[in-house]
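See below for work_10.cif, which holds mmCIF, C-alpha atoms and all ligand atoms.
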data_start
#
loop_
_atom_site.label_atom_id
_atom_site.label_comp_id
_atom_site.auth_asym_id
_atom_site.auth_seq_id
_atom_site.Cartn_x
_atom_site.Cartn_y
_atom_site.Cartn_z
CA MET Q 253 -114.39 214.56 134.97
CA ALA Q 254 -111.15 212.62 134.73
CA GLU Q 255 -111.60 208.88 134.93
CA TYR Q 256 -109.17 208.62 137.87
CA ILE Q 257 -108.28 210.86 140.81
CA LEU Q 258 -104.93 209.59 142.05
CA ALA Q 259 -104.90 206.21 140.38
CA ARG Q 260 -103.16 205.65 137.03
CA GLY Q 261 -105.29 204.26 134.23
CA ASN Q 262 -102.46 202.68 132.25
CA GLY Q 263 -104.72 202.29 129.24
CA ARG Q 264 -107.39 200.46 131.20
CA HIS Q 265 -111.04 201.43 131.48
CA ILE Q 266 -112.09 200.50 134.99
CA PRO Q 267 -115.87 200.73 135.49
CA GLN Q 268 -117.42 202.00 138.71
CA GLU Q 269 -119.08 198.66 139.25
CA ASP Q 270 -118.46 195.16 137.90
CA LYS Q 271 -121.47 194.52 135.68
CA ILE Q 272 -122.10 190.93 136.76
CA PHE Q 273 -121.67 191.67 140.47
CA GLY Q 274 -124.02 194.66 140.07
CA ILE Q 275 -126.79 192.53 138.58
CA SER Q 276 -126.17 189.79 141.05
CA ASN Q 277 -126.56 192.28 143.93
CA ARG Q 278 -129.85 193.50 142.47
CA ALA Q 279 -131.02 189.88 142.20
CA LYS Q 280 -130.14 189.31 145.87
CA ALA Q 281 -132.03 192.47 146.86
CA ALA Q 282 -135.07 191.27 144.88
CA ILE Q 283 -134.94 187.88 146.63
CA ALA Q 284 -134.81 189.64 150.02
CA LYS Q 285 -137.85 191.73 149.04
CA TYR Q 286 -140.06 189.29 147.09
CA GLY Q 287 -138.82 185.88 148.25
CA LYS Q 288 -136.80 183.16 146.52
CA ASP Q 289 -139.67 181.74 144.48
CA ALA Q 290 -140.53 185.07 142.88
CA VAL Q 291 -137.06 185.71 141.47
CA VAL Q 292 -134.97 184.00 138.78
CA ASN Q 293 -131.27 184.58 139.40
CA GLY Q 294 -129.54 183.29 136.30
CA THR Q 295 -126.33 185.23 136.86
CA ILE Q 296 -124.36 182.91 139.13
CA GLY Q 297 -121.29 181.09 137.81
CA SER Q 298 -121.32 178.27 140.37
CA LEU Q 299 -123.32 175.07 140.39
CA LEU Q 300 -126.32 175.33 142.72
CA ASP Q 301 -128.73 172.56 143.66
CA ASP Q 302 -132.48 172.84 143.05
CA ASP Q 303 -132.88 174.72 146.36
CA GLY Q 304 -130.38 177.34 145.28
CA GLU Q 305 -127.61 176.08 147.59
CA LEU Q 306 -124.00 175.77 146.44
CA VAL Q 307 -123.13 172.19 145.45
CA VAL Q 308 -120.10 171.02 147.45
CA LEU Q 309 -118.92 167.46 146.84
CA LYS Q 310 -119.27 165.67 150.20
CA SER Q 311 -116.26 163.45 149.65
CA VAL Q 312 -114.09 166.51 148.96
CA ASP Q 313 -115.49 168.18 152.06
CA GLU Q 314 -114.54 165.09 154.10
CA VAL Q 315 -110.91 165.36 152.95
CA PHE Q 316 -110.96 169.04 153.88
CA LYS Q 317 -112.23 168.29 157.38
CA HIS Q 318 -109.42 165.83 158.04
CA LEU Q 319 -106.56 168.14 157.13
CA SER Q 320 -103.88 168.97 159.68
CA PRO Q 321 -102.74 172.57 160.28
CA LYS Q 322 -99.55 171.93 158.34
CA ASP Q 323 -101.64 171.02 155.29
CA TYR Q 324 -103.08 174.50 155.02
CA ALA Q 325 -100.94 176.81 157.14
CA GLU Q 326 -97.58 176.12 155.57
CA TYR Q 327 -96.29 177.85 152.44
CA ALA Q 328 -96.27 175.66 149.34
CA PRO Q 329 -93.28 175.87 146.97
CA ILE Q 330 -93.80 178.48 144.22
CA GLY Q 331 -94.63 175.90 141.56
CA GLY Q 332 -96.72 173.75 143.88
CA ILE Q 333 -96.02 170.69 146.06
CA LYS Q 334 -94.65 167.71 144.11
CA PRO Q 335 -97.65 165.36 144.74
CA PHE Q 336 -99.96 168.10 143.45
CA ARG Q 337 -97.92 168.62 140.29
CA ASP Q 338 -98.13 164.89 139.60
CA SER Q 339 -101.83 164.59 140.50
CA VAL Q 340 -102.97 167.59 138.51
CA LYS Q 341 -101.52 166.13 135.30
CA LYS Q 342 -103.62 163.00 135.90
CA ALA Q 343 -106.68 165.13 136.68
CA ALA Q 344 -106.28 167.18 133.51
CA PHE Q 345 -105.37 164.48 130.98
CA GLY Q 346 -106.99 161.35 132.44
CA ASN Q 347 -106.40 158.48 130.02
CA HIS Q 348 -105.42 160.84 127.21
CA VAL Q 349 -101.92 162.06 128.01
CA PRO Q 350 -100.38 163.69 124.93
CA ASP Q 351 -96.89 162.65 123.87
CA GLY Q 352 -94.41 165.35 124.73
CA TYR Q 353 -92.70 167.05 127.63
CA ILE Q 354 -95.23 167.88 130.28
CA GLU Q 355 -94.70 170.25 133.20
CA ALA Q 356 -97.24 171.59 135.68
CA VAL Q 357 -97.06 174.80 137.70
CA ALA Q 358 -99.62 175.52 140.44
CA THR Q 359 -101.66 178.70 140.02
CA PRO Q 360 -104.49 180.42 141.88
CA GLY Q 361 -107.28 178.93 139.74
CA GLY Q 362 -107.47 178.88 135.98
CA THR Q 363 -107.33 182.67 136.20
CA GLY Q 364 -103.74 182.54 137.42
CA SER Q 365 -102.78 180.24 134.54
CA LEU Q 366 -104.25 182.62 131.99
CA ARG Q 367 -102.39 185.54 133.51
CA ASN Q 368 -99.06 183.71 133.51
CA VAL Q 369 -99.41 182.52 129.92
CA ILE Q 370 -100.17 186.00 128.66
CA SER Q 371 -97.33 187.56 130.61
CA ASN Q 372 -94.77 185.00 129.39
CA TYR Q 373 -95.82 184.13 125.84
CA SER Q 374 -96.79 187.54 124.44
CA ASP Q 375 -95.01 190.86 124.22
CA GLY Q 376 -96.24 194.08 125.84
CA GLY Q 377 -98.88 195.69 123.60
CA ASP Q 378 -99.68 192.39 121.82
CA LYS Q 379 -103.12 191.20 120.94
CA VAL Q 380 -104.25 187.89 122.39
CA LEU Q 381 -106.67 185.92 120.24
CA THR Q 382 -109.89 184.28 121.39
CA SER Q 383 -113.45 183.78 120.11
CA ASP Q 384 -115.87 186.72 119.88
CA TRP Q 385 -118.06 185.03 122.49
CA HIS Q 386 -115.75 184.71 125.48
CA TRP Q 387 -115.43 184.98 129.24
CA ALA Q 388 -115.16 188.74 129.85
CA PRO Q 389 -112.29 188.55 132.41
CA TYR Q 390 -109.93 187.56 129.56
CA ASN Q 391 -110.04 191.27 128.69
CA THR Q 392 -109.26 192.30 132.27
CA ILE Q 393 -106.40 189.83 132.63
CA ALA Q 394 -104.85 191.01 129.34
CA ALA Q 395 -105.36 194.73 130.12
CA GLU Q 396 -103.76 194.36 133.55
CA ILE Q 397 -100.47 193.47 131.90
CA GLY Q 398 -100.62 195.81 128.94
CA ARG Q 399 -102.12 193.46 126.33
CA SER Q 400 -105.54 193.39 124.71
CA ILE Q 401 -107.94 190.82 123.33
CA ASP Q 402 -108.74 190.41 119.64
CA THR Q 403 -111.35 187.99 118.41
CA PHE Q 404 -112.36 185.67 115.58
CA CYS Q 405 -116.00 184.75 114.82
CA PHE Q 406 -116.70 181.61 116.81
CA PHE Q 407 -119.58 180.35 114.67
CA THR Q 408 -120.55 180.20 111.03
CA GLU Q 409 -124.10 181.09 110.03
CA GLU Q 410 -124.84 177.36 110.15
CA GLY Q 411 -123.75 177.22 113.79
CA LYS Q 412 -120.47 175.39 113.16
CA PHE Q 413 -116.98 176.25 114.47
CA ASN Q 414 -115.78 179.01 112.14
CA VAL Q 415 -112.38 177.68 111.15
CA GLU Q 416 -111.98 180.21 108.33
CA SER Q 417 -112.36 183.15 110.68
CA PHE Q 418 -109.96 181.42 113.10
CA ARG Q 419 -107.45 180.97 110.27
CA GLU Q 420 -107.78 184.56 109.05
CA LYS Q 421 -107.25 186.15 112.47
CA THR Q 422 -104.46 183.78 113.47
CA LEU Q 423 -102.50 184.49 110.29
CA GLU Q 424 -103.19 188.22 110.52
CA LEU Q 425 -101.90 188.47 114.09
CA ILE Q 426 -98.90 186.21 113.64
CA ALA Q 427 -97.85 188.36 110.68
CA ALA Q 428 -98.13 191.54 112.77
CA GLN Q 429 -96.54 190.30 116.03
CA GLU Q 430 -93.48 188.34 117.11
CA SER Q 431 -95.59 185.97 119.18
CA LEU Q 432 -99.19 184.98 119.62
CA VAL Q 433 -101.25 183.65 122.52
CA ILE Q 434 -104.52 181.98 121.54
CA ILE Q 435 -107.15 181.03 124.11
CA LEU Q 436 -109.73 178.35 123.32
CA ASN Q 437 -112.21 177.60 126.06
CA THR Q 438 -113.56 174.11 125.48
CA PRO Q 439 -115.39 171.87 126.27
CA ALA Q 440 -118.58 173.45 127.62
CA HIS Q 441 -117.51 176.95 126.68
CA ASN Q 442 -118.48 179.94 128.78
CA PRO Q 443 -120.81 181.62 127.76
CA THR Q 444 -122.23 179.44 124.94
CA GLY Q 445 -121.87 175.83 126.08
CA TYR Q 446 -120.14 174.87 122.81
CA SER Q 447 -117.55 172.07 122.77
CA LEU Q 448 -115.08 171.76 119.91
CA SER Q 449 -115.55 168.42 118.10
CA LEU Q 450 -112.59 166.23 117.17
CA GLU Q 451 -112.96 167.54 113.59
CA ASP Q 452 -112.85 171.12 114.88
CA TRP Q 453 -109.65 170.19 116.69
CA ASP Q 454 -108.12 168.80 113.50
CA ASP Q 455 -108.90 172.14 111.87
CA VAL Q 456 -107.33 174.08 114.74
CA ILE Q 457 -104.17 171.96 114.57
CA GLU Q 458 -103.98 172.44 110.81
CA VAL Q 459 -104.30 176.25 111.11
CA LEU Q 460 -101.66 176.40 113.84
CA GLY Q 461 -99.33 174.30 111.67
CA GLU Q 462 -99.79 176.85 108.90
CA ALA Q 463 -99.27 179.81 111.25
CA ALA Q 464 -96.17 178.19 112.77
CA LYS Q 465 -94.39 178.21 109.41
CA ALA Q 466 -93.40 181.84 110.05
CA GLY Q 467 -91.16 180.45 112.82
CA LYS Q 468 -92.60 182.72 115.51
CA ALA Q 469 -93.67 181.63 119.01
CA ILE Q 470 -97.27 180.55 119.47
CA ALA Q 471 -98.92 179.52 122.75
CA LEU Q 472 -102.24 177.74 122.54
CA VAL Q 473 -104.11 177.90 125.84
CA VAL Q 474 -106.84 175.32 126.27
CA ASP Q 475 -109.03 176.68 129.03
CA VAL Q 476 -110.72 173.54 130.38
CA ALA Q 477 -112.43 175.17 133.38
CA TYR Q 478 -115.65 173.19 132.77
CA ILE Q 479 -114.22 169.92 131.44
CA ASP Q 480 -115.77 167.61 134.00
CA PHE Q 481 -119.22 169.10 133.58
CA ALA Q 482 -119.38 168.56 129.83
CA GLY Q 483 -120.20 164.85 129.81
CA ASP Q 484 -118.25 161.60 129.98
CA GLU Q 485 -114.79 162.46 131.38
CA ASP Q 486 -113.03 160.11 129.02
CA GLU Q 487 -114.83 161.10 125.84
CA TYR Q 488 -114.28 164.82 126.44
CA ARG Q 489 -110.53 164.30 126.78
CA CYS Q 490 -110.11 162.50 123.45
CA PHE Q 491 -108.84 165.68 121.78
CA MET Q 492 -105.84 166.00 124.10
CA PRO Q 493 -103.38 163.67 122.31
CA LYS Q 494 -103.84 165.84 119.21
CA LEU Q 495 -101.87 168.59 120.96
CA ALA Q 496 -98.75 166.47 120.49
CA SER Q 497 -98.88 166.94 116.72
CA LEU Q 498 -98.23 170.69 116.91
CA PRO Q 499 -94.83 171.91 115.67
CA GLU Q 500 -91.98 172.79 118.00
CA ASN Q 501 -92.66 176.53 118.06
CA VAL Q 502 -96.22 176.01 119.28
CA ILE Q 503 -96.54 175.25 122.98
CA SER Q 504 -99.89 174.00 124.29
CA ILE Q 505 -100.84 175.02 127.79
CA VAL Q 506 -103.84 173.55 129.57
CA ALA Q 507 -105.38 176.02 132.03
CA TYR Q 508 -106.77 173.65 134.64
CA SER Q 509 -109.04 174.66 137.49
CA LEU Q 510 -110.18 172.90 140.67
CA SER Q 511 -112.99 175.44 141.14
CA LYS Q 512 -115.76 173.59 139.34
CA THR Q 513 -114.41 170.04 139.04
CA PHE Q 514 -113.75 169.65 142.77
CA THR Q 515 -116.16 172.39 143.94
CA LEU Q 516 -113.18 174.20 145.49
CA TYR Q 517 -113.92 177.64 143.99
CA GLY Q 518 -112.84 179.59 147.07
CA THR Q 519 -109.56 177.79 147.65
CA ARG Q 520 -108.15 179.37 144.47
CA CYS Q 521 -106.35 176.39 143.05
CA GLY Q 522 -105.47 175.39 139.51
CA ALA Q 523 -102.49 174.66 137.36
CA MET Q 524 -100.94 175.53 134.05
CA ILE Q 525 -99.76 172.39 132.32
CA CYS Q 526 -97.60 172.52 129.21
CA VAL Q 527 -97.21 170.05 126.39
CA ALA Q 528 -93.89 170.91 124.76
CA LYS Q 529 -91.89 169.33 121.97
CA THR Q 530 -88.53 169.49 123.78
CA GLN Q 531 -87.28 169.24 127.34
CA GLU Q 532 -85.71 172.70 127.00
CA ILE Q 533 -89.04 174.29 126.11
CA ALA Q 534 -90.75 172.54 129.04
CA ASP Q 535 -87.96 173.60 131.43
CA GLU Q 536 -88.21 177.17 130.19
CA PHE Q 537 -92.01 177.03 130.73
CA LYS Q 538 -91.53 176.04 134.37
CA ARG Q 539 -88.81 178.64 134.96
CA VAL Q 540 -90.67 181.61 133.47
CA CYS Q 541 -94.05 180.73 134.95
CA GLU Q 542 -92.65 180.25 138.44
CA PHE Q 543 -90.87 183.59 138.09
CA SER Q 544 -94.16 185.28 137.17
CA SER Q 545 -95.93 183.61 140.07
CA ARG Q 546 -93.27 184.91 142.46
CA GLY Q 547 -93.83 188.42 141.17
CA SER Q 548 -97.62 188.37 141.32
CA TRP Q 549 -99.10 186.13 144.04
CA SER Q 550 -95.89 184.35 145.12
CA ASN Q 551 -96.88 180.79 146.02
CA SER Q 552 -100.42 179.51 145.57
CA ALA Q 553 -102.47 178.38 148.57
CA LYS Q 554 -101.43 174.93 149.72
CA VAL Q 555 -104.77 173.64 150.98
CA ALA Q 556 -106.36 172.43 147.73
CA GLN Q 557 -103.01 171.14 146.50
CA VAL Q 558 -102.98 168.78 149.48
CA ILE Q 559 -106.62 167.84 148.89
CA LEU Q 560 -106.00 166.90 145.26
CA SER Q 561 -102.87 164.95 146.22
CA ARG Q 562 -104.90 162.94 148.81
CA ILE Q 563 -107.62 162.24 146.28
CA TYR Q 564 -105.20 160.94 143.65
CA GLY Q 565 -103.32 158.95 146.28
CA ASP Q 566 -106.48 156.96 147.06
CA PRO Q 567 -108.18 155.26 144.07
CA HIS Q 568 -111.26 154.43 146.14
CA LEU Q 569 -111.73 158.08 147.12
CA LEU Q 570 -111.18 159.25 143.55
CA ASP Q 571 -113.81 156.81 142.35
CA GLU Q 572 -116.25 158.04 144.98
CA ILE Q 573 -115.71 161.67 143.94
CA ASN Q 574 -116.15 160.86 140.26
CA LYS Q 575 -119.42 159.09 141.04
CA GLU Q 576 -120.66 161.93 143.21
CA ARG Q 577 -119.81 164.51 140.57
CA ALA Q 578 -121.51 162.43 137.87
CA VAL Q 579 -124.85 162.79 139.69
CA PHE Q 580 -124.58 166.59 139.75
CA ARG Q 581 -123.35 166.65 136.15
CA GLU Q 582 -126.44 164.72 135.13
CA MET Q 583 -128.58 167.32 136.91
CA LEU Q 584 -126.76 170.12 135.07
CA LEU Q 585 -126.96 168.42 131.66
CA LYS Q 586 -130.72 167.91 132.11
CA ARG Q 587 -131.16 171.61 132.83
CA GLY Q 588 -129.23 172.59 129.71
CA LYS Q 589 -131.19 170.17 127.55
CA ALA Q 590 -134.49 171.40 129.03
CA PHE Q 591 -133.57 174.97 128.11
CA GLU Q 592 -132.44 173.93 124.64
CA GLU Q 593 -135.60 171.91 123.93
CA GLU Q 594 -137.90 174.63 125.18
CA ALA Q 595 -136.02 177.33 123.23
CA ALA Q 596 -136.51 175.26 120.05
CA ARG Q 597 -140.19 174.81 120.87
CA VAL Q 598 -140.90 178.52 121.36
CA GLY Q 599 -138.59 179.61 118.52
CA LEU Q 600 -135.92 181.30 120.64
CA GLU Q 601 -132.56 181.27 118.89
CA ILE Q 602 -129.67 180.16 121.09
CA LEU Q 603 -125.99 179.76 120.24
CA PRO Q 604 -124.72 176.25 119.44
CA PHE Q 605 -124.95 174.49 122.80
CA ASP Q 606 -123.44 171.22 123.91
CA ALA Q 607 -123.12 171.29 127.70
CA GLY Q 608 -121.96 173.23 130.71
CA PHE Q 609 -122.96 176.01 133.04
CA PHE Q 610 -124.26 178.54 130.50
CA VAL Q 611 -126.49 179.08 127.48
CA SER Q 612 -126.38 182.27 125.41
CA ILE Q 613 -129.04 184.00 123.38
CA PRO Q 614 -127.84 186.30 120.61
CA CYS Q 615 -129.65 189.64 120.34
CA ASP Q 616 -129.08 193.20 119.16
CA ASN Q 617 -129.85 195.00 122.40
CA PRO Q 618 -128.67 192.85 125.32
CA ASP Q 619 -128.75 195.64 127.92
CA GLU Q 620 -132.33 196.56 127.06
CA VAL Q 621 -133.48 192.93 127.01
CA SER Q 622 -131.92 192.25 130.38
CA LYS Q 623 -133.40 195.45 131.86
CA LYS Q 624 -136.90 194.42 130.75
CA LEU Q 625 -136.43 190.97 132.20
CA GLU Q 626 -135.20 192.51 135.45
CA ALA Q 627 -138.52 194.32 135.69
CA GLU Q 628 -140.08 190.81 135.83
CA ASN Q 629 -137.52 189.72 138.43
CA VAL Q 630 -135.54 187.68 135.93
CA PHE Q 631 -131.82 188.42 136.25
CA LEU Q 632 -129.50 187.42 133.39
CA VAL Q 633 -126.11 188.73 132.27
CA PRO Q 634 -126.04 191.05 129.25
CA LEU Q 635 -122.96 190.47 127.07
CA VAL Q 636 -121.79 192.41 124.03
CA LYS Q 637 -123.81 190.38 121.53
CA GLY Q 638 -126.46 188.70 123.62
CA VAL Q 639 -127.56 187.58 127.05
CA ARG Q 640 -126.18 184.72 129.13
CA VAL Q 641 -128.26 182.37 131.25
CA SER Q 642 -126.63 180.31 133.97
CA VAL Q 643 -128.43 176.98 133.88
CA ALA Q 644 -125.97 175.95 136.61
CA SER Q 645 -127.89 178.07 139.09
CA LEU Q 646 -131.50 177.30 138.13
CA PRO Q 647 -133.70 174.21 138.62
CA GLU Q 648 -134.83 172.30 135.53
CA SER Q 649 -138.40 173.58 135.92
CA VAL Q 650 -137.17 177.19 135.66
CA CYS Q 651 -134.90 176.32 132.71
CA ARG Q 652 -138.04 175.10 130.94
CA LYS Q 653 -139.99 178.26 131.73
CA LEU Q 654 -137.31 180.78 130.82
CA PRO Q 655 -137.08 180.57 127.00
CA ALA Q 656 -140.67 181.77 126.57
CA MET Q 657 -140.08 184.65 129.02
CA ILE Q 658 -136.93 185.73 127.19
CA LYS Q 659 -138.53 185.33 123.78
CA LYS Q 660 -141.07 188.06 124.65
CA TYR Q 661 -138.29 190.68 124.63
CA ILE Q 662 -136.09 189.55 121.75
N1 LIG K 1 -112.13 180.22 132.38
C1 LIG K 1 -113.44 180.37 132.29
C2 LIG K 1 -114.07 180.35 130.95
C3 LIG K 1 -114.21 180.59 133.44
O1 LIG K 1 -115.52 180.76 133.32
C4 LIG K 1 -113.57 180.62 134.68
C5 LIG K 1 -114.35 180.87 135.91
O2 LIG K 1 -115.47 181.21 135.93
C6 LIG K 1 -112.18 180.43 134.72
C7 LIG K 1 -111.49 180.24 133.54
C8 LIG K 1 -111.34 180.47 135.95
O3 LIG K 1 -111.85 180.11 137.11
P1 LIG K 1 -110.95 179.94 138.39
O4 LIG K 1 -109.95 181.03 138.40
O5 LIG K 1 -111.89 179.99 139.52
O6 LIG K 1 -110.28 178.60 138.26
#
Transcribe the structure of this file into structure tokens.
Ligand code: PLP
Amino acid sequence: MAEYILARGNGRHIPQEDKIFGISNRAKAAIAKYGKDAVVNGTIGSLLDDDGELVVLKSVDEVFKHLSPKDYAEYAPIGGIKPFRDSVKKAAFGNHVPDGYIEAVATPGGTGSLRNVISNYSDGGDKVLTSDWHWAPYNTIAAEIGRSIDTFCFFTEEGKFNVESFREKTLELIAAQESLVIILNTPAHNPTGYSLSLEDWDDVIEVLGEAAKAGKAIALVVDVAYIDFAGDEDEYRCFMPKLASLPENVISIVAYSLSKTFTLYGTRCGAMICVAKTQEIADEFKRVCEFSSRGSWSNSAKVAQVILSRIYGDPHLLDEINKERAVFREMLLKRGKAFEEEAARVGLEILPFDAGFFVSIPCDNPDEVSKKLEAENVFLVPLVKGVRVSVASLPESVCRKLPAMIKKYI
């Protein structure tokens, strides 16, 4: 049977059911049948408290409740309201603003930023480079606009960042194409929890310097979706000034998201923020990205733009939010460490983990492993080369129990 009836495939393979949503629905059905305590739902990509309820920062919720209709009903300008554009740069860079020309364009979440970078900094048919372990929607976003994803090996056998594989693939693709988009998701990478160290960053900068010698256009996207759940906000931003040392034909673009950091997942708010070597390159960035926004979602929702602007306009409120988030981050970090410790104790191999929402276990037969675990009411996400556990959605006690349960089937 043909894959499509009336629809056009345009080179895309569109499955009948989104894999993660499918598993998540089965987990929900199991909870309805057997009760919450009998089921482990490790599929969810949002931070839940120990009772399984979505964590929403109270101080953010308070701002929301005091909005006026104009704050949410009115259209925002295509690139975002001015106070938001200013605030989001502060939110992304903190005390570590790179030297260079910086412009911000509002987008619907980090997802919108990724889409706009790919559409403006690669040619149709190009390959976009990221690590072999990556967030699956990168493939969807690229395929939607006629590009595809190619990968380098993220880790060496010793569990270090594999700079040689990164070098090899970067040089190979820049030789074959007129431009190259590279996506690095750090810190607290989805799905492994890895964070590039400052030394890893020096290596990345060195490779990009080498690749840039061909004189072609390179866009480095730093997907920081989980940055404020990695650890100390300041420490995890120390790499940012390094972006300023890239040559003129390499533009860095931070894909920033309010989903996790401000628990505003559903408001669809984020920004793409460039660090460019010249004013002309930064102006071009703003012009082309706003054009793409107009032709895809038009303007982004105003509501979270106003919320962020209020937060950054009130130092006391910002401080309160940072403190509130720190408590939940501590809870999340403890869960991750509990899983890591227990995995080491029972001899379950996990990928190099630092922090964040997810831990991944490499294995040869992820679908089979996850099916067997489902039979025990344990729901995880099978990936191409392993299974992903969302420690963000499970209490610490369950994170401690899980490694032994998974180990049985690996
Ligand atoms: N990047 C990664 C690695 C993610 O996991 C996510 C969300 O899960 C995003 C980007 C984008 O999220 P949003 O579009 O909600 O900002």
*asked:* Could you list the protein, DNA and RNA residues that have any atom within 10 Å of ligand LIG 1 (chain K), counting all atoms listed in the file, and write them as a PyMOL selection string?
replied: chain Q and resi 296-298+359-366+386-390+435-443+474-478+507-513+515-523+609-610
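With distances restricted to all atoms listed in the file, Q:Val369 is the closest residue to Ala471 of chain Q from Q:Asp384, Q:Val369, Q:Gly294, Q:Ser417.
In this comparison, which uses only C-alpha atoms, the residue of Q:Met583, Q:Val456, Q:Ile434, Q:Leu560 approaching Arg337 of chain Q most closely is Q:Leu560.
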Using only C-alpha atoms, find each residue of segment 367-393 of chain Q with at least one atom at most 10 Å away from an atom of segment 535-550 of chain Q; report its shortest atom-to-atom pair and that distance in Å (one decimal), sort the rows by chain and rising residue number, and return the result as a tab-separated table.
residue	atom	partner	partner_atom	distance
Q:Arg367	CA	Q:Ser544	CA	9.0
Q:Asn368	CA	Q:Cys541	CA	6.0
Q:Val369	CA	Q:Cys541	CA	7.6
Q:Ser371	CA	Q:Ser544	CA	7.6
Q:Asn372	CA	Q:Val540	CA	6.7
Q:Tyr373	CA	Q:Phe537	CA	9.4
*Name the closest residue to Ile505 of chain Q among the candidates Q:Asp480, Q:Gly461, Q:Ile354, Q:Asn347; distances are taken between atoms, counting all atoms listed in the file.*
Q:Ile354
*Spatial neighbours of Leu632 of chain Q, max dist 7 Å, all atoms listed in the file, sep filter under 5 positions, as number ranges by chain*: Q: 293-295, 622, 639-641
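Residue nearest Glu626 of chain Q, chosen from Q:Leu423, Q:Ile257, Q:Ala528, Q:Met657 and counting only C-alpha atoms: Q:Met657.
Using only C-alpha atoms for every distance, the candidate list Q:Leu425, Q:Cys526, Q:Val611, Q:Ala496 yields Q:Val611 as the residue closest to Ala644 of chain Q.
Residue nearest Leu646 of chain Q within the list Q:Lys317, Q:Lys465, Q:Arg587, Q:Arg581: Q:Arg587 [criterion: smallest interatomic distance, all atoms listed in the file].
The spacing separating atom CA of Phe407 of chain Q from atom CA of Asp486 of chain Q amounts to 25.7 Å.
The space separating atom CA of Leu300 of chain Q from atom CA of Ala607 of chain Q comes to 15.9 Å.
The space separating atom CA of Ser497 of chain Q from atom CA of Ala428 of chain Q comes to 24.9 Å.
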Do a neighbour search on Gly346 of chain Q at 9 Å with only C-alpha atoms, toss out local chain neighbours closer than 5 positions, and write the hits as a PDB file with C-alpha atoms, in the coordinates of the input.
ATOM      1  CA  LYS Q 341    -101.520 166.130 135.300  1.00  0.00           C
ATOM      2  CA  GLU Q 485    -114.790 162.460 131.380  1.00  0.00           C
ATOM      3  CA  ASP Q 486    -113.030 160.110 129.020  1.00  0.00           C
ATOM      4  CA  ARG Q 489    -110.530 164.300 126.780  1.00  0.00           C
TER       5      ARG Q 489
END
